[in-house]
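What follows is the content of structure10.txt (compact mmCIF, C-alpha atoms).
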# COMPACT_ATOMS: atom_id res chain seq x y z
CA MET A 1 0.00 0.00 0.00
CA LEU A 2 2.86 2.31 0.81
CA GLU A 3 4.37 1.41 -2.56
CA ALA A 4 1.12 2.46 -4.27
CA LEU A 5 1.03 5.73 -2.35
CA TRP A 6 4.68 6.47 -3.07
CA GLN A 7 4.03 6.06 -6.77
CA GLN A 8 0.81 8.11 -6.73
CA PRO A 9 -0.10 10.16 -3.66
CA HIS A 10 -3.62 11.30 -2.70
CA LEU A 11 -5.54 8.10 -3.32
CA ASP A 12 -8.64 6.88 -1.50
CA ALA A 13 -8.92 3.31 -0.21
CA LYS A 14 -10.66 2.06 -3.37
CA MET A 15 -7.95 3.48 -5.61
CA VAL A 16 -5.20 2.02 -3.39
CA CYS A 17 -6.94 -1.35 -3.61
CA SER A 18 -7.11 -1.20 -7.40
CA ARG A 19 -3.37 -0.43 -7.62
CA ILE A 20 -2.35 -3.56 -5.75
CA PRO A 21 -1.44 -6.41 -8.16
CA SER A 22 -4.49 -8.65 -8.73
CA HIS A 23 -2.80 -11.86 -7.48
CA LYS A 24 -2.35 -10.39 -3.99
CA GLN A 25 -5.26 -7.94 -3.93
CA PRO A 26 -6.91 -7.83 -0.48
CA SER A 27 -10.54 -6.87 0.16
CA LEU A 28 -11.52 -3.20 0.43
CA ASN A 29 -12.12 -3.69 4.17
CA THR A 30 -8.57 -4.97 4.67
CA VAL A 31 -7.17 -2.02 2.71
CA GLN A 32 -9.22 0.44 4.80
CA SER A 33 -8.14 -1.09 8.11
CA THR A 34 -4.50 -1.26 7.00
CA LEU A 35 -4.56 2.40 5.93
CA GLU A 36 -6.09 3.25 9.29
CA ARG A 37 -3.23 1.40 11.06
CA LEU A 38 -0.62 3.13 8.88
CA TYR A 39 -2.25 6.47 9.72
CA LYS A 40 -2.09 5.72 13.46
CA LYS A 41 1.59 4.74 13.09
CA GLY A 42 2.27 8.08 11.37
CA LEU A 43 3.37 6.48 8.10
CA VAL A 44 0.51 8.01 6.06
CA ASP A 45 -1.54 11.16 6.42
CA ARG A 46 -5.04 11.88 5.09
CA ILE A 47 -7.46 14.64 4.20
CA LYS A 48 -11.24 14.40 4.00
CA ASN A 49 -12.38 14.43 0.41
CA GLY A 50 -16.19 14.29 0.30
CA HIS A 51 -17.24 11.08 2.10
CA ALA A 52 -13.88 9.37 1.73
CA TYR A 53 -10.38 10.05 2.95
CA SER A 54 -7.59 10.76 0.52
CA TYR A 55 -4.30 9.23 1.70
CA PHE A 56 -0.68 10.21 1.08
CA THR A 57 2.56 9.00 2.63
CA SER A 58 4.16 11.08 5.36
CA VAL A 59 7.53 9.32 5.10
CA SER A 60 9.71 8.83 2.06
CA ARG A 61 10.96 5.38 1.09
CA SER A 62 14.51 6.27 2.18
CA ASN A 63 13.23 7.71 5.45
CA LEU A 64 11.34 4.49 6.21
CA LEU A 65 14.40 2.42 5.32
CA GLY A 66 16.49 4.61 7.61
CA ARG A 67 14.01 3.96 10.42
CA LEU A 68 14.04 0.24 9.73
CA MET A 69 17.85 0.14 9.71
CA GLY A 70 17.88 2.11 12.97
CA ASP A 71 15.56 -0.50 14.49
CA VAL A 72 17.81 -3.29 13.21
CA ILE A 73 20.90 -1.64 14.71
CA HIS A 74 19.25 -1.28 18.11
CA LEU A 75 17.78 -4.78 18.06
CA LEU A 76 21.18 -6.14 17.02
CA HIS A 77 22.82 -4.32 19.88
CA ASP A 78 20.54 -5.56 22.64
CA GLY A 79 20.62 -9.13 21.34
CA ARG A 80 16.96 -9.38 20.34
CA LEU A 81 17.88 -10.27 16.74
CA GLU A 82 20.67 -12.69 17.55
CA THR A 83 18.73 -15.73 16.33
CA ILE A 84 17.30 -14.04 13.24
CA LEU A 85 20.07 -12.01 11.72
CA SER A 86 23.87 -12.30 11.41
CA SER A 87 25.70 -9.05 10.83
CA PHE A 88 29.23 -8.85 9.34
CA VAL A 89 30.54 -6.79 12.27
CA ASN A 90 28.83 -5.90 15.54
CA VAL A 91 27.43 -2.42 16.00
CA ALA A 92 28.64 -1.82 19.56
CA ALA A 93 31.02 1.11 19.96
CA ASP A 94 33.42 -1.16 21.83
CA LEU A 95 36.67 -0.02 20.16
CA ASP A 96 38.17 3.45 20.17
CA GLU A 97 40.32 5.02 17.46
CA ARG A 98 43.53 4.00 19.24
CA SER A 99 42.51 0.33 19.39
CA LEU A 100 41.63 0.41 15.69
CA ASN A 101 45.05 1.94 14.89
CA ASP A 102 46.77 -0.73 17.00
CA LEU A 103 44.92 -3.44 15.09
CA GLU A 104 45.87 -1.83 11.80
CA ALA A 105 49.52 -1.81 12.84
CA LEU A 106 49.28 -5.44 13.88
CA ILE A 107 47.80 -6.45 10.52
CA ALA A 108 50.51 -4.49 8.68
CA ARG A 109 53.24 -6.21 10.75
CA LYS A 110 51.77 -9.64 10.01
CA LYS A 111 51.56 -8.76 6.33
CA ARG A 112 55.25 -7.74 6.35
CA GLU A 113 56.23 -10.95 8.17
CA LEU A 114 54.37 -13.05 5.64
CA GLY A 115 55.89 -11.05 2.78
CA GLU A 116 59.40 -11.55 4.21
CA GLY A 117 58.71 -15.25 4.74
CA GLU A 118 57.66 -15.64 1.12
CA GLY A 119 60.65 -13.52 -0.01
CA GLU A 120 63.06 -15.81 1.87
CA ARG A 121 61.53 -18.84 0.18
CA MET B 1 -2.21 -41.81 31.38
CA ILE B 2 -1.66 -38.64 33.44
CA ASN B 3 0.73 -40.61 35.67
CA THR B 4 2.85 -41.57 32.67
CA VAL B 5 2.87 -38.06 31.12
CA GLY B 6 3.41 -36.42 34.52
CA THR B 7 6.29 -38.76 35.40
CA PHE B 8 7.83 -38.27 31.94
CA SER B 9 7.66 -34.46 32.27
CA ALA B 10 9.03 -34.47 35.81
CA ILE B 11 11.99 -36.76 34.98
CA TRP B 12 12.82 -34.84 31.78
CA LEU B 13 12.70 -31.45 33.50
CA VAL B 14 14.72 -32.48 36.56
CA LEU B 15 17.32 -34.16 34.33
CA TRP B 16 17.45 -31.10 32.05
CA ILE B 17 18.07 -28.82 35.04
CA LEU B 18 20.71 -31.12 36.55
CA LEU B 19 22.56 -31.54 33.25
CA SER B 20 22.41 -27.79 32.58
CA ILE B 21 23.96 -27.10 36.01
CA LEU B 22 26.67 -29.70 35.31
CA PHE B 23 27.43 -28.24 31.86
CA VAL B 24 27.55 -24.70 33.27
CA ILE B 25 30.01 -25.82 35.98
CA LEU B 26 32.21 -27.62 33.43
CA TYR B 27 32.10 -24.81 30.85
CA PRO B 28 35.13 -22.85 32.13
CA LEU B 29 37.19 -26.04 31.59
CA VAL B 30 35.73 -26.83 28.17
CA ARG B 31 35.68 -23.28 26.71
CA PRO B 32 39.44 -22.77 26.18
CA ARG B 33 39.69 -26.17 24.48
CA LEU B 34 36.82 -25.37 22.12
CA PHE B 35 38.32 -21.98 21.27
CA ALA B 36 41.65 -23.68 20.48
CA LEU B 37 39.95 -25.65 17.69
CA HIS B 38 39.41 -24.49 14.12
CA PRO B 39 36.17 -22.44 14.36
CA ARG B 40 34.39 -24.80 11.93
CA TYR B 41 34.71 -27.61 14.47
CA GLY B 42 34.66 -25.35 17.52
CA SER B 43 31.30 -23.84 16.55
CA ALA B 44 29.78 -27.28 15.87
CA LEU B 45 31.02 -28.66 19.19
CA LEU B 46 29.96 -25.54 21.08
CA LEU B 47 26.46 -25.88 19.64
CA GLY B 48 26.51 -29.57 20.60
CA TYR B 49 27.68 -28.70 24.12
CA TRP B 50 24.87 -26.21 24.80
CA THR B 51 22.10 -28.24 23.18
CA ALA B 52 23.26 -31.43 24.92
CA PRO B 53 21.45 -30.92 28.28
CA PHE B 54 18.12 -30.50 26.47
CA LEU B 55 18.62 -33.25 23.90
CA VAL B 56 20.23 -35.80 26.26
CA SER B 57 17.53 -35.29 28.90
CA LEU B 58 14.75 -35.62 26.30
CA LEU B 59 16.25 -38.65 24.54
CA SER B 60 17.17 -40.53 27.69
CA THR B 61 13.71 -39.92 29.18
CA LEU B 62 12.15 -41.16 25.94
CA PHE B 63 14.34 -44.30 26.09
CA LEU B 64 13.35 -44.74 29.71
CA PHE B 65 9.72 -45.03 28.67
CA MET B 66 10.36 -47.41 25.75
CA PRO B 67 9.93 -50.96 27.06
CA THR B 68 12.26 -52.55 24.45
CA VAL B 69 15.15 -50.13 25.08
CA GLU B 70 14.50 -50.28 28.80
CA THR B 71 14.73 -54.10 28.92
CA LEU B 72 18.10 -53.97 27.17
CA LEU B 73 19.66 -51.14 29.14
CA VAL B 74 18.33 -51.36 32.69
CA ASN B 75 19.75 -53.93 35.15
CA THR B 76 17.24 -56.67 35.85
CA HIS B 77 15.58 -56.05 39.20
CA CYS B 78 12.28 -56.79 40.91
CA HIS B 79 9.92 -54.85 43.10
CA SER B 80 6.73 -56.72 44.17
CA ASP B 81 6.63 -58.78 40.96
CA CYS B 82 9.28 -59.21 38.32
CA GLN B 83 7.74 -57.72 35.19
CA SER B 84 9.31 -55.18 32.89
CA HIS B 85 8.35 -51.74 34.16
CA VAL B 86 8.92 -48.02 33.88
CA PRO B 87 9.16 -45.62 36.83
CA LEU B 88 5.74 -44.13 37.52
CA ILE B 89 4.49 -41.60 40.04
CA ASP B 90 1.51 -43.05 41.95
CA SER B 91 0.43 -39.76 43.49
CA ALA B 92 -2.07 -37.92 41.28
CA GLY B 93 -1.01 -34.56 42.74
CA LEU B 94 2.67 -35.03 41.89
CA ALA B 95 1.80 -36.39 38.45
CA TRP B 96 -0.37 -33.33 37.71
CA PHE B 97 2.41 -31.08 38.99
CA GLY B 98 4.93 -32.69 36.63
CA PHE B 99 2.48 -32.50 33.75
CA SER B 100 1.67 -28.82 34.41
CA VAL B 101 5.30 -27.72 34.69
CA GLY B 102 6.20 -29.72 31.55
CA SER B 103 3.31 -28.12 29.65
CA ILE B 104 4.30 -24.61 30.78
CA VAL B 105 7.88 -25.19 29.59
CA MET B 106 6.72 -26.54 26.23
CA ILE B 107 4.30 -23.63 25.75
CA PHE B 108 7.06 -21.16 26.70
CA LEU B 109 9.43 -22.67 24.11
CA LEU B 110 6.68 -22.66 21.48
CA VAL B 111 5.78 -19.01 22.18
CA GLN B 112 9.47 -18.04 21.95
CA PHE B 113 9.81 -19.87 18.66
CA VAL B 114 6.62 -18.44 17.15
CA SER B 115 7.36 -14.85 18.25
CA THR B 116 10.92 -15.04 16.85
CA MET B 117 9.60 -16.54 13.62
CA PHE B 118 6.99 -13.78 13.34
CA ARG B 119 9.63 -11.08 13.86
CA SER B 120 11.90 -12.73 11.31
CA LEU B 121 9.16 -12.99 8.68
CA GLN B 122 8.07 -9.41 9.30
CA LEU B 123 11.62 -8.06 8.90
CA ARG B 124 12.24 -10.15 5.80
CA LYS B 125 9.01 -8.96 4.21
CA GLN B 126 9.90 -5.33 4.90
CA PHE B 127 13.45 -5.65 3.55
CA ASN B 128 12.29 -7.59 0.49
CA ILE B 129 9.82 -4.82 -0.39
CA LEU B 130 12.34 -2.05 0.20
CA GLY B 131 15.40 -3.83 -1.25
CA LYS B 132 16.36 -4.71 -4.82
CA ALA B 133 17.58 -8.20 -5.79
CA LYS B 134 21.11 -8.05 -7.23
CA GLY B 135 22.34 -11.56 -7.92
CA GLU B 136 23.29 -13.24 -4.67
CA TYR B 137 22.21 -10.34 -2.43
CA TYR B 138 19.54 -7.70 -1.93
CA ALA B 139 20.69 -4.07 -2.12
CA ILE B 140 19.06 -1.69 0.36
CA SER B 141 19.17 2.01 -0.39
CA SER B 142 20.45 3.23 2.95
CA ALA B 143 23.52 5.24 3.87
CA CYS B 144 24.17 3.00 6.93
CA PRO B 145 27.11 0.74 6.01
CA LEU B 146 25.43 -2.51 7.03
CA VAL B 147 25.45 -6.06 5.69
CA PHE B 148 23.62 -8.98 7.21
CA THR B 149 22.04 -12.36 6.56
CA LEU B 150 18.41 -12.72 7.53
CA GLY B 151 16.29 -15.85 7.87
CA TRP B 152 16.61 -19.45 9.00
CA TRP B 153 15.92 -22.07 6.37
CA GLN B 154 16.54 -20.01 3.22
CA PRO B 155 18.49 -17.01 4.51
CA ARG B 156 19.09 -13.99 2.29
CA ILE B 157 21.94 -11.50 2.27
CA TYR B 158 21.19 -7.77 2.46
CA VAL B 159 23.81 -5.13 1.68
CA SER B 160 23.24 -1.40 2.08
CA ASP B 161 24.22 1.15 -0.60
CA GLY B 162 26.30 2.89 2.07
CA LEU B 163 28.52 -0.17 2.31
CA LEU B 164 28.57 -0.90 -1.41
CA LYS B 165 29.81 2.63 -2.13
CA SER B 166 32.63 2.42 0.42
CA CYS B 167 33.94 -1.03 -0.52
CA THR B 168 36.36 -2.19 -3.16
CA GLU B 169 35.49 -5.24 -5.26
CA THR B 170 37.74 -7.41 -3.09
CA ASP B 171 36.10 -6.13 0.12
CA LEU B 172 32.66 -6.89 -1.28
CA SER B 173 33.74 -10.34 -2.39
CA ILE B 174 35.10 -11.08 1.11
CA ILE B 175 31.93 -9.78 2.76
CA LEU B 176 29.70 -11.82 0.44
CA GLN B 177 31.87 -14.91 0.97
CA HIS B 178 31.48 -14.46 4.74
CA GLU B 179 27.72 -13.96 4.49
CA SER B 180 27.35 -16.89 2.06
CA ALA B 181 29.05 -19.05 4.68
CA HIS B 182 26.33 -17.97 7.17
CA LYS B 183 23.76 -18.90 4.54
CA GLU B 184 25.22 -22.34 3.82
CA ARG B 185 25.79 -23.17 7.48
CA ARG B 186 22.29 -21.87 8.39
CA ASP B 187 23.87 -20.08 11.34
CA ASN B 188 20.72 -18.21 12.36
CA LEU B 189 18.93 -21.55 12.69
CA ARG B 190 21.83 -22.92 14.77
CA LEU B 191 21.66 -19.91 17.08
CA LEU B 192 17.89 -20.28 17.41
CA LEU B 193 18.31 -23.95 18.27
CA ALA B 194 20.92 -23.09 20.90
CA ARG B 195 18.69 -20.36 22.34
CA LEU B 196 15.67 -22.65 22.65
CA CYS B 197 17.63 -25.62 23.98
CA SER B 198 19.26 -23.46 26.65
CA ALA B 199 16.06 -21.59 27.54
CA ILE B 200 16.51 -22.87 31.09
CA LEU B 201 19.52 -20.57 31.52
CA SER B 202 18.94 -16.88 31.96
CA GLY B 203 20.76 -13.60 32.58
CA PRO B 204 24.56 -13.42 32.25
CA LEU B 205 24.88 -17.18 31.72
CA ALA B 206 22.57 -17.20 28.72
CA ARG B 207 24.29 -14.08 27.34
CA ARG B 208 27.72 -15.65 27.71
CA LEU B 209 26.65 -18.79 25.88
CA MET B 210 25.04 -16.89 22.99
CA THR B 211 27.96 -14.49 22.72
CA ASP B 212 30.49 -17.33 22.59
CA LEU B 213 28.41 -19.16 20.01
CA GLN B 214 28.01 -16.02 17.91
CA LEU B 215 31.72 -15.28 18.12
CA MET B 216 32.68 -18.80 17.10
CA THR B 217 30.11 -18.72 14.27
CA GLU B 218 31.52 -15.42 12.97
CA GLN B 219 35.04 -16.83 13.18
CA ALA B 220 33.95 -19.92 11.22
CA CYS B 221 32.63 -17.64 8.43
CA ASP B 222 35.78 -15.45 8.57
CA PHE B 223 37.92 -18.55 8.11
CA ARG B 224 35.70 -19.70 5.23
CA ALA B 225 36.18 -16.33 3.49
CA ALA B 226 39.92 -16.57 4.24
CA GLU B 227 40.15 -19.86 2.32
CA LYS B 228 39.62 -17.83 -0.86
CA HIS B 229 41.05 -14.42 0.00
CA GLY B 230 43.62 -15.08 2.72
CA HIS B 231 43.47 -14.31 6.44
CA ILE B 232 45.10 -10.89 6.19
CA ALA B 233 42.65 -9.63 3.55
CA VAL B 234 39.67 -10.72 5.68
CA ALA B 235 41.18 -9.04 8.76
CA GLU B 236 41.68 -5.82 6.76
CA THR B 237 38.07 -5.86 5.53
CA LEU B 238 36.76 -6.44 9.05
CA LEU B 239 38.73 -3.46 10.30
CA LYS B 240 37.62 -1.32 7.38
CA VAL B 241 33.91 -2.06 7.95
CA LYS B 242 34.26 -1.44 11.68
CA ARG B 243 35.90 1.92 10.93
CA LEU B 244 33.09 2.76 8.50
CA LEU B 245 30.44 1.98 11.11
CA MET B 246 32.21 4.16 13.64
CA ALA B 247 32.83 6.99 11.16
CA LYS B 248 29.16 7.09 10.17
CA SER B 249 28.12 6.96 13.86
CA VAL B 250 26.13 3.80 13.26
CA THR B 251 27.50 2.21 16.41
CA VAL B 252 25.48 2.06 19.60
CA PRO B 253 27.10 3.07 22.92
CA PHE B 254 28.59 0.02 24.53
CA SER B 255 26.65 -0.85 27.66
CA SER B 256 24.85 -4.08 28.40
CA LEU B 257 26.68 -6.57 26.17
CA ALA B 258 29.44 -7.24 28.66
CA PHE B 259 30.66 -10.42 26.94
CA ALA B 260 30.51 -9.14 23.35
CA GLU B 261 33.19 -6.57 24.10
CA ARG B 262 35.80 -6.11 21.37
CA GLU B 263 34.32 -8.79 19.12
CA VAL B 264 36.04 -7.45 16.01
CA GLU B 265 39.39 -7.34 17.81
CA THR B 266 39.01 -10.98 18.87
CA ARG B 267 38.11 -12.01 15.33
CA ILE B 268 41.05 -10.13 13.81
CA MET B 269 43.45 -11.67 16.34
CA ALA B 270 42.02 -15.12 15.51
CA LEU B 271 42.63 -14.51 11.81
CA LEU B 272 46.21 -13.34 12.44
CA LYS B 273 46.91 -16.43 14.55
CA ALA B 274 44.96 -18.81 12.30
CA GLY B 275 47.84 -21.28 12.18
CA THR B 276 47.52 -22.05 15.90
CA ARG B 277 43.95 -23.43 15.64
CA ILE B 278 43.70 -27.21 15.70
CA SER B 279 41.62 -29.16 13.17
CA PRO B 280 40.56 -32.49 14.70
CA ARG B 281 40.89 -35.56 12.47
CA PRO B 282 37.71 -37.34 11.30
CA TRP B 283 38.40 -40.32 13.56
CA GLN B 284 38.65 -37.99 16.57
CA MET B 285 35.26 -36.44 15.78
CA GLY B 286 33.85 -39.94 15.20
CA ALA B 287 35.24 -41.14 18.55
CA LEU B 288 33.69 -38.14 20.29
CA GLY B 289 30.30 -38.87 18.72
CA THR B 290 30.53 -42.56 19.70
CA LEU B 291 31.49 -41.60 23.25
CA ALA B 292 28.47 -39.29 23.46
CA VAL B 293 26.11 -42.10 22.32
CA ILE B 294 27.67 -44.56 24.81
CA CYS B 295 27.27 -42.02 27.64
CA LEU B 296 23.62 -41.51 26.65
CA LEU B 297 22.94 -45.25 26.71
CA LEU B 298 24.79 -45.74 30.01
CA LEU B 299 22.66 -43.01 31.53
CA ILE B 300 19.41 -45.00 31.18
CA SER B 301 19.97 -47.48 34.02
CA PRO B 302 21.05 -44.97 36.71
CA LEU B 303 18.21 -42.73 35.51
CA HIS B 304 15.69 -45.53 36.01
CA HIS B 305 16.93 -46.39 39.52
CA GLY B 306 17.43 -42.74 40.46
CA SER B 307 13.90 -41.87 39.36
CA GLU B 308 12.46 -44.80 41.35
CA TRP B 309 14.41 -43.74 44.42
CA VAL B 310 13.22 -40.11 44.16
CA ILE B 311 9.59 -41.17 43.55
CA THR B 312 9.68 -43.51 46.59
CA PHE B 313 11.20 -40.73 48.67
CA LEU B 314 8.58 -38.19 47.59
CA THR B 315 5.48 -40.39 47.75
CA ASP B 316 6.64 -42.83 50.44
CA SER B 317 4.83 -45.65 48.63
CA PRO B 318 5.51 -48.47 46.15
CA LEU B 319 6.29 -46.69 42.95
CA HIS B 320 5.13 -48.21 39.76
CA ALA B 321 2.28 -49.85 38.00
CA HIS B 322 3.30 -53.08 36.34

Produce structure tokens that represent the structure in this file.
Amino acid sequence: MLEALWQQPHLDAKMVCSRIPSHKQPSLNTVQSTLERLYKKGLVDRIKNGHAYSYFTSVSRSNLLGRLMGDVIHLLHDGRLETILSSFVNVAADLDERSLNDLEALIARKKRELGEGEGER
Amino acid sequence: MINTVGTFSAIWLVLWILLSILFVILYPLVRPRLFALHPRYGSALLLGYWTAPFLVSLLSTLFLFMPTVETLLVNTHCHSDCQSHVPLIDSAGLAWFGFSVGSIVMIFLLVQFVSTMFRSLQLRKQFNILGKAKGEYYAISSACPLVFTLGWWQPRIYVSDGLLKSCTETDLSIILQHESAHKERRDNLRLLLARLCSAILSGPLARRLMTDLQLMTEQACDFRAAEKHGHIAVAETLLKVKRLLMAKSVTVPFSSLAFAEREVETRIMALLKAGTRISPRPWQMGALGTLAVICLLLLISPLHHGSEWVITFLTDSPLHAH
């Protein structure tokens, strides 16, 4: 529904319903109740247009993604996503700049050692 | 019927608790040995270690209530008559208590599983709508430099534009190799299994176990990526992504995750000292598996007699129906 409203704002429930692909088209009642829930969550806004409401999104796609990523980061941090999602590196600010520099130096030393080892061979 | 189910639940739960306590006590001795192994084996054994109390208690209690297995494994002994028997609680109150506690535990595990599954499906749906499929991963248009694998049975990899823009081709290949390893190993499913099987543990203990398992799992995927790109290159990429996260202020102030401290540092050090990790030979793993099965089978007889003793002590009456 958000996708439909991003593509064409100011649609009423019937128009939103008609823009959803036919193979997954829900009933008008479902569309109305979902729009109502999205409105309460602050994701869409509406204005009265005759007897019906005209809906438009109040967040952009990138804004919503940003929110979703923010949620993921916080859920990752407090361990609530540990069994659902594996992240490449953890998001905890557990290392300071000095520690990162030390690690970098360590990697560089190891690289040199390996390079020397191969050179000797 | 209620006596059988109640006795089964009570024996399983008590055994689960006792084995969990034993495994927690032994963990400080086992942990360094597991972390000395190649992470591929270490992560598998660590998962086995923490799921063992649940699985061993459940299997041995099931065997205890199977007349054929019981006849083979329990020393012949008689009570009033000499028929084959299983330990049974005669007191209806105790049987109901065992049944109720067993049911509560099962419902708790089920609720945990369903709520996690719901959250997983919801997240996946949202990311699939907002992301764009690009070969082996989904690209998400977000400036946050994040990459992760989501899902249990058929996990998918999601990479943000923020990360794609900041990475070289080699970095991306290493990251995708690492995430593909998560996918192939079904690591999220392993972690879920560990979480459910150790649901009896809580607080710092549960956190420590999950953190160790996560760390070992990440190391296993780092080592997999290193097979293609080399340990140094993987260490460099790890450091680069960590720097990116910190530069873009994506990190969250370090507070509650006491055991997860300096995860990236530990992983980089493991990669730099990769040569010191031991890979057990197949026969050693086979011997360990055989030993575990033998221990499980040897547990049945003491479990039978122990259960009978406890039931007699609690009910102060002859203990089983023949």

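Among the candidates A:Ser87, A:Ser22, A:Asn101, A:Ser60, the one nearest to chain B when counting all atoms listed in the file is A:Ser87.
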
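CA of Met1 (chain B) sits 18.4 Å away from CA of Ile104 (chain B).
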
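Distances here use only C-alpha atoms; by that measure, the residue among B:Leu272, B:Val24, B:Ala181, B:Leu296 closest to chain A is B:Leu272.
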
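Taking all atoms listed in the file into account, chain A lies nearest to B:Glu236 out of the set B:Asp161, B:Glu227, B:Asp90, B:Glu236.
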
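Candidate residues B:Val69, B:Leu94, B:Leu239, B:Ile294 were compared for distance to chain A, and the nearest is B:Leu239, using only C-alpha atoms.
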
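Taking CA of Leu95 (chain A) and CA of Arg243 (chain B) as the two end points, the separation is 9.5 Å.
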
So which residues touch region 7-18 of chain A within 6 Å, counting all atoms listed in the file, skipping near sequence neighbours fewer than 5 positions away, as a list in words? Gln32, Tyr53, Ser54, Tyr55 and Phe56 of chain A

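The residue set within 7 Å of Leu146 (chain B), counting all atoms listed in the file and dropping same-chain residues fewer than 6 places from it, reads B:Val159, B:Ser160, B:Leu163.
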
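Note that CA of Leu109 (chain B) and CA of Thr4 (chain B) are 21.8 Å apart.
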